[in-house]
$ cat run_17.cif   # mmCIF, N, CA and C atoms and all ligand atoms
data_work
loop_
_atom_site.label_atom_id
_atom_site.label_comp_id
_atom_site.auth_asym_id
_atom_site.auth_seq_id
_atom_site.Cartn_x
_atom_site.Cartn_y
_atom_site.Cartn_z
N MET A 1 -105.68 -149.21 32.14
CA MET A 1 -106.47 -150.08 31.28
C MET A 1 -106.06 -151.54 31.41
N ILE A 2 -104.73 -151.81 31.34
CA ILE A 2 -104.36 -153.22 31.46
C ILE A 2 -104.53 -153.67 32.90
N GLY A 3 -104.85 -154.95 33.04
CA GLY A 3 -105.07 -155.52 34.37
C GLY A 3 -103.95 -156.46 34.74
N ARG A 4 -104.31 -157.64 35.17
CA ARG A 4 -103.33 -158.62 35.67
C ARG A 4 -102.39 -159.08 34.57
N LEU A 5 -101.20 -159.49 35.00
CA LEU A 5 -100.28 -160.20 34.12
C LEU A 5 -100.84 -161.61 33.98
N ASN A 6 -101.32 -161.95 32.78
CA ASN A 6 -101.91 -163.28 32.58
C ASN A 6 -100.83 -164.34 32.45
N HIS A 7 -99.84 -164.06 31.61
CA HIS A 7 -98.71 -165.01 31.51
C HIS A 7 -97.50 -164.36 30.86
N VAL A 8 -96.37 -165.01 31.06
CA VAL A 8 -95.14 -164.70 30.34
C VAL A 8 -94.86 -165.92 29.48
N ALA A 9 -94.57 -165.70 28.21
CA ALA A 9 -94.31 -166.82 27.30
C ALA A 9 -92.82 -166.89 26.99
N ILE A 10 -92.29 -168.10 27.06
CA ILE A 10 -90.86 -168.33 26.81
C ILE A 10 -90.76 -169.40 25.72
N VAL A 11 -90.06 -169.08 24.65
CA VAL A 11 -89.86 -170.06 23.58
C VAL A 11 -88.63 -170.89 23.93
N VAL A 12 -88.77 -172.19 23.82
CA VAL A 12 -87.69 -173.11 24.19
C VAL A 12 -87.39 -174.06 23.03
N PRO A 13 -86.14 -174.54 22.95
CA PRO A 13 -85.79 -175.47 21.88
C PRO A 13 -86.28 -176.89 22.17
N ASP A 14 -86.53 -177.20 23.46
CA ASP A 14 -86.90 -178.57 23.84
C ASP A 14 -87.93 -178.47 24.96
N LEU A 15 -89.20 -178.74 24.61
CA LEU A 15 -90.29 -178.53 25.56
C LEU A 15 -90.17 -179.44 26.78
N ALA A 16 -89.77 -180.69 26.55
CA ALA A 16 -89.65 -181.64 27.68
C ALA A 16 -88.57 -181.15 28.64
N ALA A 17 -87.47 -180.66 28.10
CA ALA A 17 -86.38 -180.16 28.96
C ALA A 17 -86.83 -178.90 29.70
N GLY A 18 -87.56 -178.02 29.01
CA GLY A 18 -88.06 -176.80 29.65
C GLY A 18 -89.05 -177.14 30.77
N ALA A 19 -89.94 -178.12 30.49
CA ALA A 19 -90.92 -178.54 31.51
C ALA A 19 -90.19 -179.12 32.71
N ALA A 20 -89.16 -179.93 32.46
CA ALA A 20 -88.41 -180.55 33.56
C ALA A 20 -87.71 -179.49 34.39
N CYS A 21 -87.19 -178.46 33.72
CA CYS A 21 -86.51 -177.37 34.43
C CYS A 21 -87.47 -176.70 35.40
N TYR A 22 -88.67 -176.36 34.93
CA TYR A 22 -89.64 -175.69 35.81
C TYR A 22 -90.19 -176.63 36.87
N ARG A 23 -90.43 -177.89 36.50
CA ARG A 23 -91.02 -178.86 37.44
C ARG A 23 -89.99 -179.31 38.47
N ASP A 24 -88.84 -179.76 37.99
CA ASP A 24 -87.88 -180.43 38.89
C ASP A 24 -86.94 -179.43 39.56
N THR A 25 -86.40 -178.49 38.79
CA THR A 25 -85.42 -177.57 39.36
C THR A 25 -86.12 -176.47 40.15
N LEU A 26 -87.18 -175.89 39.55
CA LEU A 26 -87.84 -174.76 40.21
C LEU A 26 -89.02 -175.19 41.08
N GLY A 27 -89.44 -176.47 40.95
CA GLY A 27 -90.50 -176.97 41.82
C GLY A 27 -91.87 -176.40 41.53
N ALA A 28 -92.14 -176.11 40.26
CA ALA A 28 -93.44 -175.54 39.89
C ALA A 28 -94.38 -176.64 39.40
N LYS A 29 -95.68 -176.29 39.38
CA LYS A 29 -96.69 -177.20 38.84
C LYS A 29 -96.74 -176.99 37.33
N VAL A 30 -96.48 -178.05 36.57
CA VAL A 30 -96.38 -177.94 35.11
C VAL A 30 -97.42 -178.88 34.48
N SER A 31 -98.18 -178.35 33.52
CA SER A 31 -99.22 -179.16 32.86
C SER A 31 -98.59 -180.15 31.88
N ALA A 32 -99.41 -181.07 31.40
CA ALA A 32 -98.99 -181.93 30.28
C ALA A 32 -98.89 -181.07 29.03
N PRO A 33 -98.03 -181.43 28.07
CA PRO A 33 -97.92 -180.63 26.84
C PRO A 33 -99.20 -180.71 26.02
N ARG A 34 -99.49 -179.58 25.36
CA ARG A 34 -100.66 -179.51 24.47
C ARG A 34 -100.23 -178.88 23.16
N SER A 35 -100.69 -179.43 22.04
CA SER A 35 -100.37 -178.84 20.74
C SER A 35 -101.49 -177.92 20.30
N PHE A 36 -101.09 -176.79 19.69
CA PHE A 36 -102.05 -175.84 19.12
C PHE A 36 -101.67 -175.64 17.66
N PRO A 37 -102.12 -176.57 16.78
CA PRO A 37 -101.72 -176.50 15.37
C PRO A 37 -102.08 -175.17 14.73
N GLU A 38 -103.20 -174.56 15.17
CA GLU A 38 -103.62 -173.28 14.59
C GLU A 38 -102.65 -172.15 14.96
N HIS A 39 -101.87 -172.34 16.03
CA HIS A 39 -100.86 -171.34 16.42
C HIS A 39 -99.44 -171.82 16.11
N GLY A 40 -99.32 -173.06 15.65
CA GLY A 40 -98.00 -173.59 15.28
C GLY A 40 -97.09 -173.87 16.47
N VAL A 41 -97.68 -174.10 17.64
CA VAL A 41 -96.85 -174.33 18.83
C VAL A 41 -97.37 -175.49 19.69
N ARG A 42 -96.44 -176.04 20.47
CA ARG A 42 -96.75 -176.99 21.51
C ARG A 42 -96.40 -176.28 22.82
N VAL A 43 -97.25 -176.44 23.82
CA VAL A 43 -97.16 -175.59 25.01
C VAL A 43 -97.26 -176.41 26.29
N VAL A 44 -96.49 -176.06 27.30
CA VAL A 44 -96.82 -176.47 28.67
C VAL A 44 -97.11 -175.20 29.47
N PHE A 45 -98.07 -175.32 30.36
CA PHE A 45 -98.46 -174.21 31.22
C PHE A 45 -97.87 -174.45 32.61
N VAL A 46 -97.13 -173.47 33.08
CA VAL A 46 -96.56 -173.52 34.42
C VAL A 46 -97.44 -172.64 35.30
N GLU A 47 -98.04 -173.22 36.32
CA GLU A 47 -98.94 -172.45 37.17
C GLU A 47 -98.21 -171.94 38.39
N LEU A 48 -98.18 -170.62 38.50
CA LEU A 48 -97.60 -169.97 39.68
C LEU A 48 -98.75 -169.37 40.48
N PRO A 49 -98.52 -169.05 41.75
CA PRO A 49 -99.63 -168.52 42.55
C PRO A 49 -100.25 -167.25 41.97
N ASN A 50 -99.44 -166.41 41.31
CA ASN A 50 -99.99 -165.13 40.85
C ASN A 50 -100.07 -164.99 39.34
N THR A 51 -99.55 -165.92 38.59
CA THR A 51 -99.60 -165.83 37.12
C THR A 51 -99.21 -167.18 36.52
N LYS A 52 -99.00 -167.20 35.22
CA LYS A 52 -98.57 -168.43 34.54
C LYS A 52 -97.33 -168.14 33.70
N ILE A 53 -96.55 -169.16 33.49
CA ILE A 53 -95.48 -169.13 32.51
C ILE A 53 -95.88 -170.13 31.44
N GLU A 54 -95.76 -169.75 30.19
CA GLU A 54 -96.03 -170.69 29.11
C GLU A 54 -94.73 -170.97 28.38
N LEU A 55 -94.37 -172.23 28.32
CA LEU A 55 -93.19 -172.63 27.55
C LEU A 55 -93.69 -173.09 26.19
N LEU A 56 -93.16 -172.50 25.13
CA LEU A 56 -93.62 -172.77 23.77
C LEU A 56 -92.50 -173.38 22.96
N GLU A 57 -92.87 -174.38 22.16
CA GLU A 57 -91.93 -174.99 21.23
C GLU A 57 -92.59 -174.96 19.86
N PRO A 58 -91.86 -174.57 18.81
CA PRO A 58 -92.48 -174.55 17.48
C PRO A 58 -92.87 -175.97 17.05
N LEU A 59 -94.03 -176.10 16.41
CA LEU A 59 -94.45 -177.42 15.91
C LEU A 59 -93.67 -177.82 14.67
N ASP A 60 -93.31 -176.84 13.85
CA ASP A 60 -92.51 -177.13 12.66
C ASP A 60 -91.85 -175.84 12.18
N GLU A 61 -91.19 -175.90 11.06
CA GLU A 61 -90.42 -174.73 10.60
C GLU A 61 -91.31 -173.57 10.13
N ASN A 62 -92.61 -173.84 9.94
CA ASN A 62 -93.54 -172.77 9.55
C ASN A 62 -94.15 -172.06 10.76
N SER A 63 -93.81 -172.51 11.94
CA SER A 63 -94.37 -171.94 13.16
C SER A 63 -94.01 -170.46 13.25
N PRO A 64 -94.94 -169.62 13.78
CA PRO A 64 -94.62 -168.21 13.97
C PRO A 64 -93.45 -167.98 14.93
N VAL A 65 -93.09 -168.97 15.75
CA VAL A 65 -91.96 -168.78 16.66
C VAL A 65 -90.68 -169.48 16.18
N ALA A 66 -90.72 -170.08 14.99
CA ALA A 66 -89.53 -170.79 14.48
C ALA A 66 -88.37 -169.83 14.25
N GLY A 67 -88.65 -168.68 13.66
CA GLY A 67 -87.60 -167.69 13.39
C GLY A 67 -87.03 -167.13 14.68
N PHE A 68 -87.92 -166.91 15.65
CA PHE A 68 -87.47 -166.40 16.96
C PHE A 68 -86.50 -167.38 17.61
N LEU A 69 -86.83 -168.68 17.51
CA LEU A 69 -85.96 -169.70 18.10
C LEU A 69 -84.63 -169.78 17.35
N ALA A 70 -84.70 -169.61 16.03
CA ALA A 70 -83.46 -169.62 15.24
C ALA A 70 -82.53 -168.49 15.70
N ASN A 71 -83.13 -167.33 16.05
CA ASN A 71 -82.33 -166.20 16.54
C ASN A 71 -81.92 -166.34 18.00
N ASN A 72 -82.63 -167.20 18.72
CA ASN A 72 -82.38 -167.40 20.16
C ASN A 72 -82.33 -168.90 20.43
N PRO A 73 -81.28 -169.57 19.97
CA PRO A 73 -81.28 -171.04 19.98
C PRO A 73 -81.37 -171.67 21.38
N ALA A 74 -80.97 -170.92 22.40
CA ALA A 74 -81.06 -171.47 23.76
C ALA A 74 -82.45 -171.25 24.36
N GLY A 75 -83.33 -170.53 23.62
CA GLY A 75 -84.63 -170.15 24.16
C GLY A 75 -84.54 -168.73 24.70
N ALA A 76 -85.70 -168.06 24.79
CA ALA A 76 -85.74 -166.68 25.29
C ALA A 76 -87.18 -166.30 25.58
N MET A 77 -87.31 -165.23 26.39
CA MET A 77 -88.65 -164.72 26.65
C MET A 77 -89.23 -164.18 25.36
N HIS A 78 -90.46 -164.52 25.06
CA HIS A 78 -91.08 -164.16 23.78
C HIS A 78 -92.11 -163.04 23.92
N HIS A 79 -93.01 -163.15 24.88
CA HIS A 79 -93.99 -162.07 25.09
C HIS A 79 -94.55 -162.09 26.51
N VAL A 80 -95.18 -160.96 26.86
CA VAL A 80 -95.93 -160.88 28.11
C VAL A 80 -97.39 -160.65 27.73
N CYS A 81 -98.29 -161.19 28.54
CA CYS A 81 -99.73 -161.07 28.24
C CYS A 81 -100.44 -160.39 29.39
N TYR A 82 -101.07 -159.26 29.07
CA TYR A 82 -101.84 -158.52 30.05
C TYR A 82 -103.33 -158.70 29.81
N GLU A 83 -104.09 -158.74 30.88
CA GLU A 83 -105.53 -158.90 30.75
C GLU A 83 -106.21 -157.55 30.54
N VAL A 84 -107.23 -157.55 29.70
CA VAL A 84 -108.09 -156.37 29.54
C VAL A 84 -109.55 -156.82 29.62
N ASP A 85 -110.42 -155.90 30.00
CA ASP A 85 -111.85 -156.22 30.10
C ASP A 85 -112.51 -156.23 28.74
N ASP A 86 -112.06 -155.34 27.85
CA ASP A 86 -112.73 -155.15 26.56
C ASP A 86 -111.66 -154.96 25.50
N ILE A 87 -111.45 -155.98 24.69
CA ILE A 87 -110.32 -155.96 23.77
C ILE A 87 -110.52 -154.96 22.62
N ILE A 88 -111.78 -154.74 22.25
CA ILE A 88 -112.04 -153.79 21.17
C ILE A 88 -111.79 -152.36 21.67
N ALA A 89 -112.26 -152.06 22.89
CA ALA A 89 -111.98 -150.75 23.48
C ALA A 89 -110.48 -150.55 23.65
N ALA A 90 -109.78 -151.63 24.06
CA ALA A 90 -108.33 -151.55 24.23
C ALA A 90 -107.66 -151.28 22.89
N ARG A 91 -108.14 -151.93 21.85
CA ARG A 91 -107.56 -151.72 20.51
C ARG A 91 -107.74 -150.28 20.05
N GLU A 92 -108.94 -149.74 20.25
CA GLU A 92 -109.20 -148.35 19.85
C GLU A 92 -108.21 -147.40 20.52
N ARG A 93 -108.03 -147.64 21.80
CA ARG A 93 -107.13 -146.78 22.57
C ARG A 93 -105.69 -146.89 22.06
N MET A 94 -105.25 -148.13 21.81
CA MET A 94 -103.89 -148.37 21.29
C MET A 94 -103.68 -147.64 19.97
N VAL A 95 -104.64 -147.82 19.07
CA VAL A 95 -104.52 -147.25 17.73
C VAL A 95 -104.51 -145.72 17.82
N LYS A 96 -105.37 -145.18 18.69
CA LYS A 96 -105.42 -143.73 18.89
C LYS A 96 -104.09 -143.20 19.40
N GLN A 97 -103.41 -144.00 20.21
CA GLN A 97 -102.10 -143.61 20.76
C GLN A 97 -100.97 -143.84 19.76
N GLY A 98 -101.31 -144.38 18.59
CA GLY A 98 -100.30 -144.60 17.56
C GLY A 98 -99.59 -145.94 17.64
N ALA A 99 -100.07 -146.84 18.48
CA ALA A 99 -99.43 -148.15 18.60
C ALA A 99 -99.82 -149.03 17.42
N ARG A 100 -98.88 -149.86 17.01
CA ARG A 100 -99.14 -150.78 15.90
C ARG A 100 -99.54 -152.16 16.41
N LEU A 101 -100.51 -152.75 15.70
CA LEU A 101 -100.96 -154.09 16.04
C LEU A 101 -100.33 -155.06 15.05
N LEU A 102 -100.12 -156.28 15.46
CA LEU A 102 -99.60 -157.29 14.54
C LEU A 102 -100.77 -157.95 13.79
N GLY A 103 -100.46 -158.46 12.62
CA GLY A 103 -101.49 -159.14 11.82
C GLY A 103 -102.51 -158.15 11.29
N ASP A 104 -103.74 -158.60 11.14
CA ASP A 104 -104.77 -157.73 10.55
C ASP A 104 -105.46 -156.87 11.61
N GLY A 105 -105.01 -156.98 12.86
CA GLY A 105 -105.58 -156.16 13.92
C GLY A 105 -106.91 -156.66 14.45
N GLU A 106 -107.35 -157.82 13.94
CA GLU A 106 -108.59 -158.40 14.46
C GLU A 106 -108.22 -159.40 15.55
N PRO A 107 -108.97 -159.39 16.68
CA PRO A 107 -108.68 -160.35 17.75
C PRO A 107 -108.79 -161.79 17.25
N LYS A 108 -107.85 -162.63 17.71
CA LYS A 108 -107.87 -164.06 17.39
C LYS A 108 -108.14 -164.82 18.68
N THR A 109 -108.54 -166.06 18.55
CA THR A 109 -108.73 -166.87 19.75
C THR A 109 -107.39 -167.43 20.18
N GLY A 110 -106.99 -167.09 21.41
CA GLY A 110 -105.68 -167.51 21.91
C GLY A 110 -105.71 -168.91 22.50
N ALA A 111 -104.60 -169.27 23.13
CA ALA A 111 -104.43 -170.62 23.68
C ALA A 111 -105.39 -170.91 24.83
N HIS A 112 -106.05 -169.87 25.36
CA HIS A 112 -106.99 -170.11 26.46
C HIS A 112 -108.43 -169.97 26.00
N GLY A 113 -108.62 -169.94 24.66
CA GLY A 113 -109.98 -169.83 24.14
C GLY A 113 -110.57 -168.44 24.28
N LYS A 114 -109.74 -167.44 24.55
CA LYS A 114 -110.23 -166.06 24.72
C LYS A 114 -109.64 -165.19 23.61
N PRO A 115 -110.30 -164.06 23.28
CA PRO A 115 -109.79 -163.18 22.22
C PRO A 115 -108.48 -162.51 22.63
N VAL A 116 -107.53 -162.52 21.70
CA VAL A 116 -106.22 -161.90 21.96
C VAL A 116 -105.80 -161.03 20.78
N LEU A 117 -104.93 -160.06 21.09
CA LEU A 117 -104.29 -159.21 20.09
C LEU A 117 -102.82 -159.12 20.45
N PHE A 118 -101.96 -158.96 19.44
CA PHE A 118 -100.54 -158.75 19.70
C PHE A 118 -100.15 -157.34 19.25
N LEU A 119 -99.31 -156.69 20.06
CA LEU A 119 -98.90 -155.31 19.82
C LEU A 119 -97.43 -155.29 19.45
N HIS A 120 -97.07 -154.37 18.59
CA HIS A 120 -95.71 -154.35 18.05
C HIS A 120 -94.66 -154.07 19.12
N PRO A 121 -93.63 -154.93 19.22
CA PRO A 121 -92.60 -154.73 20.26
C PRO A 121 -91.92 -153.36 20.20
N LYS A 122 -91.79 -152.79 19.01
CA LYS A 122 -91.09 -151.49 18.90
C LYS A 122 -91.87 -150.38 19.59
N ASP A 123 -93.18 -150.58 19.76
CA ASP A 123 -94.00 -149.56 20.43
C ASP A 123 -94.13 -149.82 21.93
N PHE A 124 -93.58 -150.95 22.41
CA PHE A 124 -93.76 -151.32 23.82
C PHE A 124 -92.45 -151.77 24.46
N CYS A 125 -91.50 -150.83 24.44
CA CYS A 125 -90.25 -151.04 25.19
C CYS A 125 -89.51 -152.29 24.73
N GLY A 126 -89.65 -152.62 23.46
CA GLY A 126 -88.89 -153.76 22.93
C GLY A 126 -89.45 -155.12 23.31
N THR A 127 -90.69 -155.12 23.81
CA THR A 127 -91.29 -156.40 24.24
C THR A 127 -92.59 -156.64 23.48
N LEU A 128 -92.72 -157.83 22.93
CA LEU A 128 -93.98 -158.21 22.30
C LEU A 128 -95.05 -158.32 23.40
N VAL A 129 -96.16 -157.63 23.21
CA VAL A 129 -97.24 -157.62 24.21
C VAL A 129 -98.48 -158.26 23.61
N GLU A 130 -99.05 -159.18 24.37
CA GLU A 130 -100.33 -159.79 24.02
C GLU A 130 -101.37 -159.23 24.97
N LEU A 131 -102.51 -158.85 24.42
CA LEU A 131 -103.64 -158.46 25.28
C LEU A 131 -104.68 -159.56 25.20
N GLU A 132 -105.20 -159.97 26.32
CA GLU A 132 -106.22 -161.01 26.34
C GLU A 132 -107.45 -160.49 27.07
N GLN A 133 -108.59 -160.65 26.42
CA GLN A 133 -109.85 -160.25 27.08
C GLN A 133 -110.26 -161.36 28.03
N VAL A 134 -110.53 -160.98 29.28
CA VAL A 134 -110.89 -162.01 30.26
C VAL A 134 -112.31 -161.80 30.77
CO CO A 201 -99.46 -165.75 25.05
#

$ encode --input "run_17.cif" --output "structure tokens"
Amino acid sequence: MIGRLNHVAIVVPDLAAGAACYRDTLGAKVSAPRSFPEHGVRVVFVELPNTKIELLEPLDENSPVAGFLANNPAGAMHHVCYEVDDIIAARERMVKQGARLLGDGEPKTGAHGKPVLFLHPKDFCGTLVELEQV
């Protein structure tokens, strides 16, 4: 059911430093930072030939990733995002398999303007999983 790896998201304490690390040290193409107040994060997109890395910094202490950063002050991988063709069909299947969804279980518009859902890390090998309809 899941398709391509759309992105890996990494929460960082300093977005400029994270962007410089990927741009200068790793030699990747890194976008200008963009704020997503509705998601409580500021993001740079790192474009790789086969996927993307998203570096996220909390916009303020109410950000959904603020607590994660407090627990991982040096930064850490936050989630992986897999593409699906039909997010509602994917949700039905997940729920039928007993997987838990985060939030109210209704798809939200993600950072790419597409519907996304988040799945509980305890049901997915300890990793927060985002599904994005493409
Ligand atoms: Co994501």

$ residues_around --input "run_17.cif" --residues "stretch 42-58 of chain A" --least-positions-apart "6" --cutoff "7 Å" --atoms "only C-alpha atoms" --output "JSON, numbers by chain"
{"A": [5, 6, 7, 8, 9, 10, 11, 12, 13, 14, 15, 18, 19, 28, 29, 30, 31, 32, 33, 34, 35, 36, 65, 66]}

$ residues_near_ligand --input "run_17.cif" --ligand "ligand CO 201 (chain A)" --cutoff "9 Å" --atoms "only C-alpha atoms and all ligand atoms" --output "VMD selection string"
chain A and resid 6 to 9 54 78 to 81 110 to 112 116 118 129 to 132

$ atom_distance --input "run_17.cif" --atom1 "atom CA of A:Leu101" --atom2 "atom CA of A:Leu128"
10.2 Å

$ select_by_dssp --input "run_17.cif" --residues "chain A" --states "strand (DSSP E or B)" --output "ChimeraX atom specification"
/A:5-11,29-30,34-36,41-47,52-58,76-84,101,108-109,115-119,128-133

$ residues_around --input "run_17.cif" --residues "A:Pro37" --least-positions-apart "4" --cutoff "9 Å" --atoms "only C-alpha atoms" --output "ChimeraX atom specification"
/A:41-42,59,63

$ select_by_dssp --input "run_17.cif" --residues "chain A" --states "alpha helix (DSSP H)" --output "list in words"
Leu15, Ala16, Ala17, Gly18, Ala19, Ala20, Ala66, Gly67, Phe68, Leu69, Ala70, Asn71, Ile87, Ile88, Ala89, Ala90, Arg91, Glu92, Arg93, Met94, Val95 and Lys96 of chain A

$ atom_distance --input "run_17.cif" --atom1 "atom CA of A:Ile87" --atom2 "atom CA of A:Asn62"
27.7 Å

$ atom_distance --input "run_17.cif" --atom1 "atom N of A:Thr109" --atom2 "atom CA of A:Asp123"
22.1 Å

$ axis_aligned_box --input "run_17.cif" --around "stretch 96-105 of chain A" --padding-each-side "6 Å" --output "JSON"
{"center_x": -102.9, "center_y": -151.2, "center_z": 15.7, "size_x": 20.0, "size_y": 27.9, "size_z": 22.2}

$ residues_around --input "run_17.cif" --residues "A:Ala90" --least-positions-apart "6" --cutoff "8 Å" --atoms "all atoms listed in the file" --output "list in words"
Met1, Ile2, Val84 and Lys96 of chain A

$ closest_residue --input "run_17.cif" --among "A:Cys21, A:Phe124, A:Asn71, A:Gly3" --to "A:Gln97" --atoms "only C-alpha atoms"
A:Phe124

$ residues_around --input "run_17.cif" --residues "A:Ala99" --least-positions-apart "3" --cutoff "7 Å" --atoms "all atoms listed in the file" --output "JSON list (two decimals) with N, CA and C atoms, in the frame of the given file"
[["chain", "number", "residue", "atom", "x", "y", "z"],
["A", 93, "ARG", "N", -108.03, -147.64, 21.80],
["A", 93, "ARG", "CA", -107.13, -146.78, 22.57],
["A", 93, "ARG", "C", -105.69, -146.89, 22.06],
["A", 94, "MET", "N", -105.25, -148.13, 21.81],
["A", 94, "MET", "CA", -103.89, -148.37, 21.29],
["A", 94, "MET", "C", -103.68, -147.64, 19.97],
["A", 95, "VAL", "N", -104.64, -147.82, 19.07],
["A", 95, "VAL", "CA", -104.52, -147.25, 17.73],
["A", 95, "VAL", "C", -104.51, -145.72, 17.82],
["A", 96, "LYS", "N", -105.37, -145.18, 18.69],
["A", 96, "LYS", "CA", -105.42, -143.73, 18.89],
["A", 96, "LYS", "C", -104.09, -143.20, 19.40],
["A", 119, "LEU", "N", -99.31, -156.69, 20.06],
["A", 119, "LEU", "CA", -98.90, -155.31, 19.82],
["A", 119, "LEU", "C", -97.43, -155.29, 19.45],
["A", 120, "HIS", "N", -97.07, -154.37, 18.59],
["A", 120, "HIS", "CA", -95.71, -154.35, 18.05],
["A", 120, "HIS", "C", -94.66, -154.07, 19.12],
["A", 123, "ASP", "N", -93.18, -150.58, 19.76],
["A", 123, "ASP", "CA", -94.00, -149.56, 20.43],
["A", 123, "ASP", "C", -94.13, -149.82, 21.93]]

$ closest_residue --input "run_17.cif" --among "A:Pro64, A:Ala17, A:Pro107, A:Gly27" --to "A:Gly40" --atoms "only N, CA and C atoms"
A:Pro64

$ decode --input "run_17.cif" --residues "stretch 118-133 of chain A" --atoms "N, CA, C and O atoms" --output "compact mmCIF listing (two decimals), in the first residue's frame"
# COMPACT_ATOMS: atom_id res chain seq x y z
N PHE A 118 -1.00 11.18 10.64
CA PHE A 118 0.11 10.67 11.43
C PHE A 118 -0.33 9.42 12.18
O PHE A 118 -1.44 9.38 12.72
N LEU A 119 0.56 8.42 12.22
CA LEU A 119 0.26 7.13 12.85
C LEU A 119 1.10 6.98 14.10
O LEU A 119 2.24 7.45 14.15
N HIS A 120 0.54 6.32 15.09
CA HIS A 120 1.20 6.24 16.39
C HIS A 120 2.51 5.48 16.33
O HIS A 120 2.56 4.35 15.83
N PRO A 121 3.61 6.08 16.85
CA PRO A 121 4.92 5.40 16.79
C PRO A 121 4.93 4.03 17.45
O PRO A 121 5.64 3.14 16.99
N LYS A 122 4.12 3.83 18.49
CA LYS A 122 4.14 2.53 19.19
C LYS A 122 3.63 1.41 18.29
O LYS A 122 3.91 0.25 18.52
N ASP A 123 2.84 1.76 17.27
CA ASP A 123 2.33 0.74 16.35
C ASP A 123 3.23 0.55 15.13
O ASP A 123 2.96 -0.30 14.30
N PHE A 124 4.28 1.37 15.01
CA PHE A 124 5.12 1.32 13.81
C PHE A 124 6.61 1.32 14.15
O PHE A 124 7.35 2.22 13.77
N CYS A 125 6.98 0.30 14.92
CA CYS A 125 8.41 0.06 15.17
C CYS A 125 9.08 1.24 15.85
O CYS A 125 10.27 1.50 15.65
N GLY A 126 8.31 1.97 16.65
CA GLY A 126 8.92 3.07 17.41
C GLY A 126 9.17 4.32 16.60
O GLY A 126 9.89 5.21 17.05
N THR A 127 8.58 4.38 15.40
CA THR A 127 8.82 5.54 14.54
C THR A 127 7.49 6.22 14.20
O THR A 127 6.55 5.55 13.77
N LEU A 128 7.45 7.52 14.37
CA LEU A 128 6.28 8.28 13.94
C LEU A 128 6.21 8.23 12.42
O LEU A 128 7.20 8.52 11.73
N VAL A 129 5.05 7.83 11.90
CA VAL A 129 4.87 7.68 10.45
C VAL A 129 3.82 8.68 9.98
O VAL A 129 2.74 8.78 10.55
N GLU A 130 4.17 9.40 8.93
CA GLU A 130 3.23 10.29 8.26
C GLU A 130 2.85 9.65 6.93
O GLU A 130 3.73 9.12 6.25
N LEU A 131 1.57 9.65 6.62
CA LEU A 131 1.15 9.22 5.29
C LEU A 131 0.70 10.45 4.52
O LEU A 131 -0.02 11.29 5.07
N GLU A 132 1.14 10.57 3.30
CA GLU A 132 0.74 11.71 2.48
C GLU A 132 0.12 11.21 1.19
O GLU A 132 0.69 10.36 0.50
N GLN A 133 -1.05 11.74 0.89
CA GLN A 133 -1.70 11.38 -0.39
C GLN A 133 -1.06 12.19 -1.49
O GLN A 133 -0.96 13.41 -1.39
